[in-house]
>>> print(open('final-v2.cif').read())   # mmCIF, C-alpha atoms and all ligand atoms
data_upload
#
loop_
_atom_site.label_atom_id
_atom_site.label_comp_id
_atom_site.auth_asym_id
_atom_site.auth_seq_id
_atom_site.Cartn_x
_atom_site.Cartn_y
_atom_site.Cartn_z
CA MET A 986 95.99 -21.58 94.09
CA ASN A 987 94.27 -19.44 91.51
CA THR A 988 96.32 -17.04 89.36
CA VAL A 989 95.41 -13.40 89.96
CA PHE A 990 95.88 -11.57 86.66
CA ASP A 991 96.73 -7.86 86.53
CA VAL A 992 94.07 -7.51 83.84
CA ILE A 993 91.40 -9.70 82.30
CA VAL A 994 89.95 -8.47 79.02
CA ILE A 995 86.48 -9.80 78.24
CA GLY A 996 85.95 -10.09 74.48
CA GLY A 997 88.47 -11.11 71.82
CA GLY A 998 87.22 -8.99 68.90
CA GLN A 999 89.03 -5.99 67.45
CA SER A 1000 88.71 -3.96 70.68
CA GLY A 1001 89.98 -6.76 72.92
CA LEU A 1002 92.95 -7.37 70.62
CA ALA A 1003 93.88 -3.67 70.42
CA THR A 1004 93.85 -3.58 74.22
CA GLY A 1005 95.91 -6.80 74.28
CA TYR A 1006 98.52 -5.14 72.08
CA TYR A 1007 99.20 -2.42 74.66
CA LEU A 1008 98.93 -4.79 77.63
CA ARG A 1009 101.57 -6.99 76.01
CA ARG A 1010 103.84 -3.97 75.49
CA ALA A 1011 103.33 -2.92 79.12
CA LYS A 1012 104.37 -6.46 80.15
CA LEU A 1013 101.36 -6.87 82.37
CA ASN A 1014 100.10 -10.27 83.38
CA TYR A 1015 96.85 -10.45 81.41
CA LEU A 1016 94.33 -12.79 79.83
CA ILE A 1017 91.64 -12.38 77.16
CA LEU A 1018 88.40 -14.38 77.46
CA ASP A 1019 86.11 -14.72 74.45
CA ASP A 1020 82.89 -16.72 74.18
CA ARG A 1021 83.23 -17.68 70.50
CA GLU A 1022 84.82 -20.85 69.12
CA GLU A 1023 86.71 -18.95 66.42
CA ARG A 1024 88.70 -15.73 66.04
CA GLY A 1025 87.37 -12.50 64.54
CA GLY A 1026 84.71 -11.30 67.01
CA ALA A 1027 81.41 -10.05 65.62
CA TRP A 1028 82.70 -10.01 62.07
CA GLN A 1029 81.97 -13.76 62.04
CA SER A 1030 78.26 -13.05 62.47
CA ALA A 1031 77.94 -10.17 60.00
CA TRP A 1032 76.23 -10.60 56.65
CA ASP A 1033 78.32 -12.00 53.79
CA SER A 1034 78.56 -8.79 51.76
CA LEU A 1035 79.53 -6.48 54.64
CA THR A 1036 82.72 -4.53 53.95
CA LEU A 1037 84.59 -1.88 55.89
CA PHE A 1038 83.74 1.72 55.10
CA SER A 1039 87.44 2.62 54.75
CA PRO A 1040 90.33 1.20 52.71
CA ALA A 1041 92.72 -1.21 54.47
CA GLU A 1042 95.43 1.42 55.01
CA HIS A 1043 93.02 3.37 57.21
CA SER A 1044 91.63 0.36 59.10
CA SER A 1045 94.51 -1.06 61.05
CA LEU A 1046 94.96 -2.11 64.61
CA PRO A 1047 98.13 -0.94 66.38
CA GLY A 1048 101.43 -2.45 65.28
CA TRP A 1049 100.56 -4.17 62.04
CA LEU A 1050 98.88 -2.67 58.97
CA MET A 1051 95.95 -4.50 57.45
CA PRO A 1052 97.14 -6.04 54.15
CA ARG A 1053 95.79 -4.41 50.99
CA SER A 1054 92.36 -5.79 50.05
CA GLU A 1055 91.33 -7.14 46.67
CA GLY A 1056 88.57 -4.57 46.21
CA PRO A 1057 88.55 -0.92 47.36
CA PHE A 1058 87.24 -1.84 50.83
CA PRO A 1059 88.15 -4.96 52.84
CA THR A 1060 85.45 -7.62 52.88
CA ARG A 1061 84.13 -9.37 55.97
CA LYS A 1062 86.38 -12.36 55.17
CA GLU A 1063 89.43 -10.15 54.78
CA VAL A 1064 88.74 -8.47 58.13
CA ILE A 1065 88.36 -11.87 59.86
CA ASP A 1066 91.58 -13.04 58.23
CA TYR A 1067 93.37 -9.89 59.43
CA LEU A 1068 92.08 -10.27 63.01
CA THR A 1069 93.02 -13.97 63.01
CA ARG A 1070 96.54 -13.31 61.81
CA TYR A 1071 96.90 -10.31 64.13
CA GLU A 1072 96.06 -12.50 67.11
CA GLU A 1073 98.56 -15.16 65.97
CA ARG A 1074 101.28 -12.62 65.24
CA TYR A 1075 101.32 -11.27 68.78
CA GLY A 1076 100.50 -14.56 70.49
CA PHE A 1077 97.89 -13.03 72.77
CA PRO A 1078 96.77 -15.29 75.62
CA VAL A 1079 93.14 -15.76 74.50
CA GLN A 1080 90.98 -18.52 75.95
CA ARG A 1081 87.97 -19.67 73.86
CA PRO A 1082 85.19 -20.39 74.23
CA VAL A 1083 84.77 -18.86 77.70
CA ARG A 1084 81.69 -16.84 78.49
CA VAL A 1085 81.78 -14.44 81.44
CA ASN A 1086 78.37 -14.62 83.09
CA ASN A 1087 78.92 -12.42 86.12
CA ILE A 1088 81.60 -10.55 88.05
CA GLU A 1089 81.89 -9.98 91.78
CA ARG A 1090 84.29 -8.02 93.94
CA GLN A 1091 86.16 -10.24 96.34
CA ASP A 1092 89.08 -9.34 98.65
CA GLY A 1093 90.02 -6.22 96.69
CA MET A 1094 89.96 -7.98 93.33
CA PHE A 1095 87.44 -9.16 90.75
CA ARG A 1096 86.10 -12.71 90.58
CA LEU A 1097 84.86 -13.52 87.07
CA ILE A 1098 82.26 -16.27 87.02
CA THR A 1099 82.47 -18.02 83.65
CA THR A 1100 81.43 -21.13 81.78
CA LYS A 1101 84.93 -22.50 82.50
CA GLY A 1102 85.05 -21.75 86.22
CA ASP A 1103 86.23 -18.69 88.13
CA PHE A 1104 89.03 -16.33 87.10
CA TYR A 1105 90.59 -13.59 89.25
CA ALA A 1106 91.95 -10.19 88.25
CA ARG A 1107 92.89 -6.87 89.77
CA THR A 1108 91.37 -4.94 86.87
CA VAL A 1109 88.85 -5.76 84.15
CA VAL A 1110 88.43 -4.43 80.61
CA ALA A 1111 85.03 -5.11 79.07
CA ALA A 1112 85.30 -5.28 75.25
CA THR A 1113 82.22 -7.30 74.38
CA GLY A 1114 80.82 -5.07 71.63
CA THR A 1115 77.20 -4.75 70.62
CA TRP A 1116 76.46 -7.71 68.38
CA ALA A 1117 75.34 -9.92 71.26
CA ASP A 1118 72.60 -7.43 72.14
CA PRO A 1119 70.39 -6.87 69.07
CA VAL A 1120 67.46 -4.52 69.67
CA ILE A 1121 63.97 -5.01 68.22
CA PRO A 1122 61.40 -2.35 69.14
CA ASP A 1123 58.44 -3.34 71.22
CA ILE A 1124 55.76 -3.08 68.53
CA GLU A 1125 52.20 -4.10 69.31
CA GLY A 1126 51.28 -7.38 67.61
CA ARG A 1127 54.85 -8.43 66.87
CA GLU A 1128 54.33 -11.82 68.50
CA ALA A 1129 51.24 -12.46 66.37
CA PHE A 1130 53.07 -12.11 63.04
CA LYS A 1131 53.26 -15.54 61.40
CA GLY A 1132 55.99 -14.82 58.87
CA ILE A 1133 59.76 -14.83 59.28
CA GLN A 1134 61.33 -12.25 61.59
CA LEU A 1135 65.06 -11.71 61.62
CA HIS A 1136 67.37 -9.10 63.15
CA SER A 1137 70.27 -7.86 61.00
CA ALA A 1138 72.57 -9.54 63.55
CA ARG A 1139 71.37 -12.91 62.17
CA TYR A 1140 70.96 -11.91 58.51
CA LYS A 1141 73.47 -13.57 56.17
CA SER A 1142 72.53 -13.19 52.50
CA PRO A 1143 69.63 -12.11 50.26
CA GLU A 1144 69.16 -15.46 48.46
CA THR A 1145 67.19 -16.71 51.48
CA PHE A 1146 64.42 -14.28 50.54
CA GLN A 1147 64.12 -15.36 46.90
CA GLY A 1148 60.55 -14.78 45.66
CA GLN A 1149 59.28 -13.46 49.02
CA LYS A 1150 57.67 -10.16 49.90
CA VAL A 1151 60.02 -8.56 52.44
CA LEU A 1152 59.86 -5.58 54.76
CA VAL A 1153 63.19 -4.09 55.83
CA VAL A 1154 62.89 -1.90 58.95
CA GLY A 1155 65.37 0.84 59.90
CA GLU A 1156 66.93 3.88 58.27
CA GLY A 1157 70.60 3.30 59.16
CA ASN A 1158 73.48 1.75 57.24
CA SER A 1159 72.33 -1.81 57.94
CA GLY A 1160 68.82 -1.09 56.66
CA ALA A 1161 70.11 0.56 53.48
CA GLN A 1162 72.66 -2.17 52.75
CA ILE A 1163 70.25 -5.04 53.36
CA MET A 1164 67.44 -3.33 51.45
CA ALA A 1165 69.86 -2.81 48.53
CA GLU A 1166 70.57 -6.52 48.14
CA VAL A 1167 67.28 -8.08 49.27
CA SER A 1168 65.45 -5.97 46.67
CA LYS A 1169 67.32 -7.90 43.98
CA TYR A 1170 66.05 -11.33 45.06
CA SER A 1171 62.68 -10.73 46.68
CA ARG A 1172 59.37 -10.64 44.82
CA GLU A 1173 58.86 -7.23 46.37
CA ALA A 1174 60.78 -5.31 49.05
CA LYS A 1175 59.63 -2.32 51.08
CA TRP A 1176 61.60 -0.12 53.45
CA ALA A 1177 59.99 1.08 56.67
CA THR A 1178 61.72 4.02 58.32
CA ARG A 1179 60.70 6.39 61.12
CA LYS A 1180 62.27 9.32 59.32
CA GLU A 1181 63.32 9.99 55.74
CA PRO A 1182 66.66 8.19 55.16
CA GLU A 1183 69.56 10.60 54.74
CA PHE A 1184 72.60 9.79 52.63
CA LEU A 1185 76.11 11.18 52.95
CA PRO A 1186 77.65 12.66 49.81
CA ASP A 1187 78.89 9.85 47.54
CA GLU A 1188 82.59 10.65 48.04
CA VAL A 1189 82.43 10.32 51.85
CA ASP A 1190 83.94 7.07 53.17
CA GLY A 1191 84.81 5.84 56.65
CA HIS A 1192 88.23 7.47 56.65
CA TYR A 1193 86.67 10.83 55.88
CA LEU A 1194 84.12 10.28 58.66
CA PHE A 1195 86.92 9.43 61.07
CA ASN A 1196 88.68 12.70 60.26
CA ILE A 1197 85.44 14.62 60.89
CA ALA A 1198 84.94 12.76 64.18
CA THR A 1199 88.53 13.61 65.16
CA ALA A 1200 88.05 17.31 64.34
CA LYS A 1201 84.81 17.32 66.36
CA TYR A 1202 86.49 15.62 69.33
CA ARG A 1203 89.45 18.07 69.31
CA ALA A 1204 87.18 21.11 68.99
CA GLU A 1205 85.06 19.93 71.92
CA LYS A 1206 88.13 19.23 74.05
CA GLU A 1207 89.60 22.65 73.33
CA GLY A 1208 86.22 24.39 73.73
CA LYS A 1209 86.34 25.60 70.13
CA PRO A 1210 83.25 25.89 67.87
CA PHE A 1211 82.56 22.98 65.51
CA ASP A 1212 80.16 23.14 62.59
CA ARG A 1213 77.99 20.11 63.38
CA SER A 1214 75.74 20.76 60.42
CA LYS A 1215 78.48 19.85 57.95
CA TYR A 1216 77.95 16.10 58.02
CA ASN A 1217 75.75 13.99 60.21
CA LEU A 1218 78.05 11.10 61.03
CA GLY A 1219 75.07 8.79 61.44
CA ASN A 1220 73.82 9.23 57.86
CA ILE A 1221 74.06 6.41 55.35
CA VAL A 1222 77.43 5.80 53.70
CA VAL A 1223 76.93 5.39 49.95
CA ILE A 1224 78.89 2.19 49.34
CA PRO A 1225 78.69 0.74 45.77
CA SER A 1226 75.69 -1.54 46.49
CA VAL A 1227 73.73 1.36 48.00
CA LYS A 1228 74.58 3.55 45.04
CA GLU A 1229 73.42 0.84 42.64
CA ALA A 1230 70.15 0.35 44.55
CA ARG A 1231 69.55 4.09 44.59
CA SER A 1232 69.88 4.10 40.79
CA ARG A 1233 67.13 1.41 40.66
CA ASP A 1234 65.04 3.76 42.82
CA VAL A 1235 64.40 1.11 45.47
CA LEU A 1236 65.77 3.08 48.40
CA ARG A 1237 62.56 4.94 49.02
CA SER A 1238 60.95 4.89 52.44
CA GLY A 1239 57.42 3.55 52.77
CA GLY A 1240 57.05 5.47 56.05
CA SER A 1241 56.52 3.81 59.39
CA PHE A 1242 54.01 1.34 60.78
CA THR A 1243 52.20 1.48 64.09
CA ARG A 1244 51.55 -2.19 64.77
CA MET A 1245 51.72 -5.69 63.37
CA TYR A 1246 49.12 -8.37 62.79
CA GLU A 1247 49.26 -12.04 61.80
CA GLU A 1248 49.98 -11.36 58.11
CA GLY A 1249 51.99 -8.14 58.17
CA VAL A 1250 51.97 -4.53 59.32
CA VAL A 1251 49.54 -1.64 59.71
CA TRP A 1252 51.01 1.53 58.21
CA GLU A 1253 50.54 4.94 59.87
CA ASP A 1254 47.58 5.81 57.62
CA GLY A 1255 45.79 2.63 58.76
CA THR A 1256 46.46 0.57 55.61
CA ARG A 1257 47.27 -3.09 56.23
CA GLU A 1258 49.92 -4.79 54.14
CA ALA A 1259 50.95 -8.46 54.19
CA PHE A 1260 54.60 -9.59 54.14
CA ASP A 1261 56.37 -12.96 54.15
CA ALA A 1262 59.32 -11.68 56.14
CA VAL A 1263 60.41 -8.73 58.26
CA ILE A 1264 64.12 -7.90 58.68
CA TRP A 1265 64.77 -5.69 61.71
CA CYS A 1266 67.72 -3.38 61.09
CA THR A 1267 67.00 -1.56 64.31
CA GLY A 1268 70.38 -1.48 65.94
CA PHE A 1269 72.03 -2.83 69.03
CA GLY A 1270 72.36 -2.20 72.71
CA TYR A 1271 75.63 -2.91 74.53
CA ALA A 1272 76.52 -6.43 75.67
CA THR A 1273 77.41 -5.46 79.24
CA SER A 1274 74.83 -7.29 81.37
CA PHE A 1275 77.59 -9.41 82.99
CA LEU A 1276 78.75 -6.19 84.73
CA ARG A 1277 75.47 -5.86 86.65
CA ASN A 1278 77.00 -6.63 90.06
CA ILE A 1279 79.90 -4.20 89.78
CA ALA A 1280 78.57 -1.26 87.72
CA ARG A 1281 75.19 0.37 87.30
CA GLN A 1282 73.98 0.50 83.70
CA ASP A 1283 71.02 1.97 81.85
CA ALA A 1284 68.48 0.07 79.72
CA LYS A 1285 70.82 0.07 76.72
CA GLY A 1286 73.74 -1.25 78.78
CA ILE A 1287 75.60 2.07 79.06
CA VAL A 1288 77.81 2.40 82.16
CA LYS A 1289 78.93 5.80 83.47
CA THR A 1290 82.40 6.44 82.05
CA ASP A 1291 84.98 9.12 81.50
CA GLU A 1292 86.05 7.91 78.04
CA SER A 1293 86.80 4.23 78.74
CA ARG A 1294 87.22 4.38 82.54
CA ALA A 1295 84.13 3.47 84.56
CA THR A 1296 83.67 6.39 86.92
CA GLU A 1297 81.68 4.55 89.58
CA ALA A 1298 83.50 1.23 89.47
CA PRO A 1299 87.23 1.53 90.23
CA GLY A 1300 89.31 -1.03 88.33
CA LEU A 1301 86.88 -1.36 85.42
CA TRP A 1302 87.33 -0.05 81.85
CA LEU A 1303 85.05 -0.43 78.80
CA VAL A 1304 86.59 -0.35 75.33
CA GLY A 1305 85.11 -0.24 71.84
CA TYR A 1306 81.40 0.34 72.44
CA GLY A 1307 81.16 3.71 70.65
CA GLY A 1308 81.40 7.42 71.39
CA TRP A 1309 80.67 7.01 75.10
CA THR A 1310 83.83 4.89 75.58
CA GLY A 1311 86.14 7.05 73.42
CA TYR A 1312 85.46 8.72 70.09
CA ALA A 1313 85.28 6.36 67.10
CA SER A 1314 86.23 3.53 69.46
CA ALA A 1315 83.84 1.10 67.74
CA THR A 1316 85.99 1.13 64.61
CA LEU A 1317 89.30 -0.49 63.78
CA ILE A 1318 90.88 2.86 63.07
CA GLY A 1319 89.50 4.51 66.20
CA VAL A 1320 90.03 1.87 68.88
CA ASN A 1321 93.82 2.29 68.85
CA ARG A 1322 93.78 5.59 70.75
CA THR A 1323 91.28 4.34 73.34
CA ALA A 1324 93.16 1.08 73.90
CA ARG A 1325 96.49 2.88 74.39
CA GLN A 1326 94.99 5.37 76.84
CA THR A 1327 93.17 2.60 78.72
CA VAL A 1328 96.35 0.59 79.29
CA ARG A 1329 98.19 3.71 80.49
CA GLN A 1330 95.43 4.33 83.02
CA ILE A 1331 95.48 0.68 84.12
CA GLU A 1332 99.24 0.85 84.72
CA GLU A 1333 98.72 3.92 86.90
CA TYR A 1334 95.84 2.31 88.75
CA LEU A 1335 97.81 -0.87 89.45
CA LYS A 1336 100.73 1.15 90.85
CA HIS A 1337 98.45 2.87 93.30
CA THR A 1338 96.42 -0.12 94.39
CA GLU A 1339 99.30 -2.57 94.81
CA ALA A 1340 99.46 -2.18 98.59
CA GLN A 1341 95.79 -3.09 99.09
CA ILE A 1342 96.00 -6.33 97.13
CA ILE A 1343 99.03 -7.90 98.78
P1 LIG B 1401 83.01 -7.60 68.83
O1 LIG B 1401 83.61 -7.73 67.48
O2 LIG B 1401 81.55 -7.86 69.00
O3 LIG B 1401 83.83 -8.56 69.81
C1 LIG B 1401 83.40 -8.82 71.11
C2 LIG B 1401 83.68 -10.26 71.42
O4 LIG B 1401 83.27 -10.50 72.77
C3 LIG B 1401 82.85 -11.22 70.56
O5 LIG B 1401 83.65 -12.28 70.14
C4 LIG B 1401 81.74 -11.65 71.50
O6 LIG B 1401 81.19 -12.90 71.15
C5 LIG B 1401 82.48 -11.68 72.82
N1 LIG B 1401 81.61 -11.61 74.00
C6 LIG B 1401 80.44 -10.94 74.16
N2 LIG B 1401 79.95 -11.12 75.40
C7 LIG B 1401 80.84 -11.91 76.06
C8 LIG B 1401 80.90 -12.46 77.39
N3 LIG B 1401 79.96 -12.19 78.29
N4 LIG B 1401 81.97 -13.24 77.72
C9 LIG B 1401 82.96 -13.49 76.81
N5 LIG B 1401 82.94 -13.02 75.54
C10 LIG B 1401 81.90 -12.23 75.18
N6 LIG B 1401 83.75 -1.37 62.09
C11 LIG B 1401 84.88 -0.82 61.58
O7 LIG B 1401 85.91 -0.84 62.24
N7 LIG B 1401 84.86 -0.25 60.34
C12 LIG B 1401 83.75 -0.24 59.57
O8 LIG B 1401 83.79 0.29 58.46
C13 LIG B 1401 82.55 -0.84 60.08
N8 LIG B 1401 81.43 -0.85 59.35
C14 LIG B 1401 80.30 -1.39 59.86
C15 LIG B 1401 79.14 -1.37 59.08
C16 LIG B 1401 77.95 -1.89 59.56
C17 LIG B 1401 76.72 -1.83 58.71
C18 LIG B 1401 77.95 -2.47 60.85
C19 LIG B 1401 76.68 -3.05 61.41
C20 LIG B 1401 79.11 -2.52 61.63
C21 LIG B 1401 80.29 -1.96 61.15
N9 LIG B 1401 81.47 -1.95 61.88
C22 LIG B 1401 82.61 -1.39 61.37
C23 LIG B 1401 81.45 -2.29 63.31
C24 LIG B 1401 81.98 -3.61 63.69
O9 LIG B 1401 81.24 -4.64 63.12
C25 LIG B 1401 81.87 -3.73 65.21
O10 LIG B 1401 81.75 -2.46 65.77
C26 LIG B 1401 83.09 -4.39 65.79
O11 LIG B 1401 83.04 -5.77 65.50
C27 LIG B 1401 83.21 -4.14 67.27
O12 LIG B 1401 84.37 -4.77 67.75
P2 LIG B 1401 84.49 -5.18 69.25
O13 LIG B 1401 85.77 -5.90 69.40
O14 LIG B 1401 84.23 -4.01 70.11
O15 LIG B 1401 83.25 -6.16 69.48
#
>>> encode(input="final-v2.cif", output="structure tokens")
Amino acid sequence: MNTVFDVIVIGGGQSGLATGYYLRRAKLNYLILDDREERGGAWQSAWDSLTLFSPAEHSSLPGWLMPRSEGPFPTRKEVIDYLTRYEERYGFPVQRPVRVNNIERQDGMFRLITTKGDFYARTVVAATGTWADPVIPDIEGREAFKGIQLHSARYKSPETFQGQKVLVVGEGNSGAQIMAEVSKYSREAKWATRKEPEFLPDEVDGHYLFNIATAKYRAEKEGKPFDRSKYNLGNIVVIPSVKEARSRDVLRSGGSFTRMYEEGVVWEDGTREAFDAVIWCTGFGYATSFLRNIARQDAKGIVKTDESRATEAPGLWLVGYGGWTGYASATLIGVNRTARQTVRQIEEYLKHTEAQII
């Protein structure tokens, strides 16, 4: 006989653990499946120098504060350590490595088809993040380029590019941070962006951004006006390495290119320029393809939701993917609210569907 869980959470990163916290409190019969060997979710794959945008006291999951970090912002290692200890502290039932490949509806419940056999649940929470779905734009000639191509999802440290001529593509935080450090090791580094990079004021950190996002969310909910022009939340956060690179005047955009050729890129004005390596800091989609049989999704992997609840797929929730699954839900500080609300809704749903399952 197979166990039928009340809830199976797919993904054991920060979002899966925050959801686990509330499931544990609700005393539901749940399981977390994660496809990695080790704890810490996507933070294991991030580049070595990546830090949080906010101090530890503003970056905690529910129940247990993140310990104070050595520097002003917790490092990648400190975040992994926190997530590891958080998981141990609450003894969440996480099985690793188990990859969910597909889900089907069967007899009023979900059958999860995984690398370790089938699992059954009455509800499912997808918390698989974005890291597993790096996006590289479809640029003409990309296949012909003979140099190194790397997405930021696989980038680790700048030493690899010692003495090379490197092109960093993308005007977001990843592009700025990677450009800042690669420019110190490479023979020459250029930054390709589709629009002029925009920086937040130096004093703005992640906690400040979270407060702005909260004010925006409340104003929208209450139908009150909100001055969107104040800060564009997507602009670059000026962390110390970005500030230092800006003072070296390396964070200048070279504009955008229209296509690639064997040696490099062709800039918009038709000039060709050769590079040894191209680092794509061009963002992520959403790692939700395993939901294809139970929920329609667009090309980026977005499923129709009302906050985290899938509106066209009863019994399914999505946590931690970004604004479309709950404001600021892709951050440690923001996922708490979404996780709590999700588990409340699951409890309600289970009460009302009990009769059908038995
Ligand atoms: P993940 O950490 O990706 O966890 C999902 C887990 O699910 C992973 O272990 C994954 O391997 C697993 N998985 C995926 N598919 C499957 C499957 N089919 N079956 C089973 N398991 C699966 N966040 C902050 O909170 N604060 C910050 O200041 C911050 N700064 C950032 C700065 C930059 C430049 C970048 C790029 C990111 C930053 N982040 C920050 C974001 C953070 O890295 C991610 O958003 C976060 O890891 C998302 O957590 P998650 O639990 O939703 O997903």
>>> residues_near_ligand(input="final-v2.cif", ligand="ligand LIG 1401 (chain B)", cutoff="6 Å", atoms="all atoms listed in the file", output="VMD selection string")
chain A and resid 995 to 1001 1018 to 1021 1026 to 1028 1037 to 1039 1083 to 1086 1112 to 1117 1158 to 1159 1191 1272 1275 1305 to 1306 1315 to 1317
>>> residues_around(input="final-v2.cif", residues="A:Gln1134", least_positions_apart="3", cutoff="12 Å", atoms="only C-alpha atoms", output="ChimeraX atom specification")
/A:1121,1127-1131,1137-1140,1146,1151-1154,1245,1248-1249,1260-1266
>>> atom_distance(input="final-v2.cif", atom1="atom CA of A:Gly1076", atom2="atom CA of A:Pro1040")
25.8 Å
>>> atom_distance(input="final-v2.cif", atom1="atom CA of A:Ala1003", atom2="atom CA of A:Pro1047")
6.5 Å
>>> closest_residue(input="final-v2.cif", among="A:Val992, A:Ile1197, A:Leu1035, A:Leu1135", to="A:Ala1313", atoms="only C-alpha atoms")
A:Ile1197
>>> atom_distance(input="final-v2.cif", atom1="atom CA of A:Tyr1193", atom2="atom CA of A:Glu1042")
12.9 Å
